[in-house]
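Undergrad: Got a structure for you, questions after.
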Amino acid sequence: MCPKCGISVRICPTSYDRWVSLATVELPAKDVPEPFRWRLTRLPDQPHLAADIVAVRVRGIDPLPGEPVVPAHRMMCVPD
C-alpha cells in the first residue's frame with residue numbers, strides 16, 4: 001500500500017539494480033504518458049538478479065495505442 005494515497009502498489013526490480021513502484025493494473029498505452037510506461041518481463045538466467053521477472057521501461061519503439069502497459073504508480077498516486 002502506498003503511504004501517501006493508500007492504493008495498492010507492486011514493487012518490482014528492474015534490470016539495472018533499482019526498484020520501481022508500479023500500478024497493479026495494466027492500461028492501454030494511449031492512456032499512459034510515455035515517461036510512465038513499463039512492462040513486466042521474464043529474463044533468461046541472470047545470476048545477478050534475485051527475481052526472474054523484472055520491470056522494463058517502454059522506450060524506443062512506441063507501443064500501439066491499445067497495447068497494454070503497466071503505469072508507474074506515481075502517475076496514479078493522488079495523496080489525500
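Order determines the names: the first chain of the C-alpha cells is A, the second B, and so forth; residues in each chain are numbered 1 upward, and ligands are numbered 1 upward as they are shown.
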Looking only at the backbone, which of the residues in chain A does DSSP tag as strand (DSSP E or B), as number ranges by chain?
TA: A: 10-14, 19-22, 27-28, 37-42, 53-57, 68-72
Undergrad: Kindly export the residues of the current selection with C-alpha atoms, as a PDB file, in the first residue's frame.
TA:
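And here is the file that came out, again_0.pdb:
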```
ATOM      1  CA  ARG A  10       3.552  -3.558  -6.935  1.00  0.00           C
ATOM      2  CA  ILE A  11       7.253  -3.056  -6.159  1.00  0.00           C
ATOM      3  CA  CYS A  12       9.374  -4.672  -8.838  1.00  0.00           C
ATOM      4  CA  PRO A  13      13.089  -4.935  -9.523  1.00  0.00           C
ATOM      5  CA  THR A  14      14.478  -3.510 -12.739  1.00  0.00           C
ATOM      6  CA  TRP A  19      13.308  -0.923  -7.753  1.00  0.00           C
ATOM      7  CA  VAL A  20      10.182   0.726  -9.135  1.00  0.00           C
ATOM      8  CA  SER A  21       6.661   1.101  -7.744  1.00  0.00           C
ATOM      9  CA  LEU A  22       4.104   0.122 -10.358  1.00  0.00           C
ATOM     10  CA  LEU A  27      -3.713   0.265 -19.056  1.00  0.00           C
ATOM     11  CA  PRO A  28      -3.718   0.934 -22.811  1.00  0.00           C
ATOM     12  CA  ARG A  37       5.184   3.201 -19.278  1.00  0.00           C
ATOM     13  CA  TRP A  38       6.633  -0.095 -18.032  1.00  0.00           C
ATOM     14  CA  ARG A  39       6.379  -3.765 -18.929  1.00  0.00           C
ATOM     15  CA  LEU A  40       6.980  -6.796 -16.769  1.00  0.00           C
ATOM     16  CA  THR A  41       9.151  -9.371 -18.452  1.00  0.00           C
ATOM     17  CA  ARG A  42      10.812 -12.647 -17.602  1.00  0.00           C
ATOM     18  CA  ILE A  53      10.525 -11.100 -13.514  1.00  0.00           C
ATOM     19  CA  VAL A  54      11.722  -7.517 -13.853  1.00  0.00           C
ATOM     20  CA  ALA A  55      10.226  -4.186 -14.846  1.00  0.00           C
ATOM     21  CA  VAL A  56      11.487  -2.784 -18.138  1.00  0.00           C
ATOM     22  CA  ARG A  57      10.857   0.774 -19.292  1.00  0.00           C
ATOM     23  CA  PRO A  68      -1.221  -2.825 -22.522  1.00  0.00           C
ATOM     24  CA  VAL A  69       1.496  -1.262 -20.379  1.00  0.00           C
ATOM     25  CA  VAL A  70       1.951  -1.069 -16.621  1.00  0.00           C
ATOM     26  CA  PRO A  71       1.946   2.534 -15.415  1.00  0.00           C
ATOM     27  CA  ALA A  72       4.340   3.763 -12.761  1.00  0.00           C
TER      28      ALA A  72
END
```
Undergrad: Tell me which of A:Val32, A:Ile7, A:Val25, A:Met1 sits closest to Gly66 in chain A, counting only C-alpha atoms.
TA: A:Val32
Undergrad: Considering only C-alpha atoms, state which residue in the set A:Asp17, A:Glu67, A:Asp62, A:Pro79 is at the smallest distance from Glu34 in chain A.
TA: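 Of A:Asp17, A:Glu67, A:Asp62, A:Pro79, the one nearest Glu34 in chain A is A:Asp62, counting only C-alpha atoms.
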Undergrad: Between CA of Cys77 in chain A and CA of Val58 in chain A, measure the distance and give it in Å to one decimal.
TA: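 If I compute the distance from CA of Cys77 in chain A to CA of Val58 in chain A, I get 20.0 Å.
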Undergrad: Select, from A:Ala29, A:Ile61, A:Arg18, A:Val9, the residue with the minimum atom-to-atom distance to Met76 in chain A, counting only C-alpha atoms.
TA: A:Val9
Undergrad: What is the CA of Pro63 in chain A-CA of Thr24 in chain A distance in Å, reported with one decimal?
TA: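 Pair CA of Pro63 in chain A / CA of Thr24 in chain A returns 19.4 Å.
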Undergrad: In Å, rounded to a single decimal, give me how far CA of Glu26 in chain A is from CA of Arg59 in chain A.
TA: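 Going from CA of Arg59 in chain A over to CA of Glu26 in chain A covers 16.8 Å.
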Undergrad: What residues in chain A get the DSSP label helix (DSSP H, G or I)? Please answer as a ChimeraX atom specification.
TA: /A:29-31,34-36,73-76
Undergrad: Go through A:Tyr16, A:Ala23, A:Asp52, A:Ser8 and flag the residue nearest Met75 in chain A, using only C-alpha atoms for the distances.
TA: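 That would be A:Ala23, the residue with the smallest distance to Met75 in chain A.
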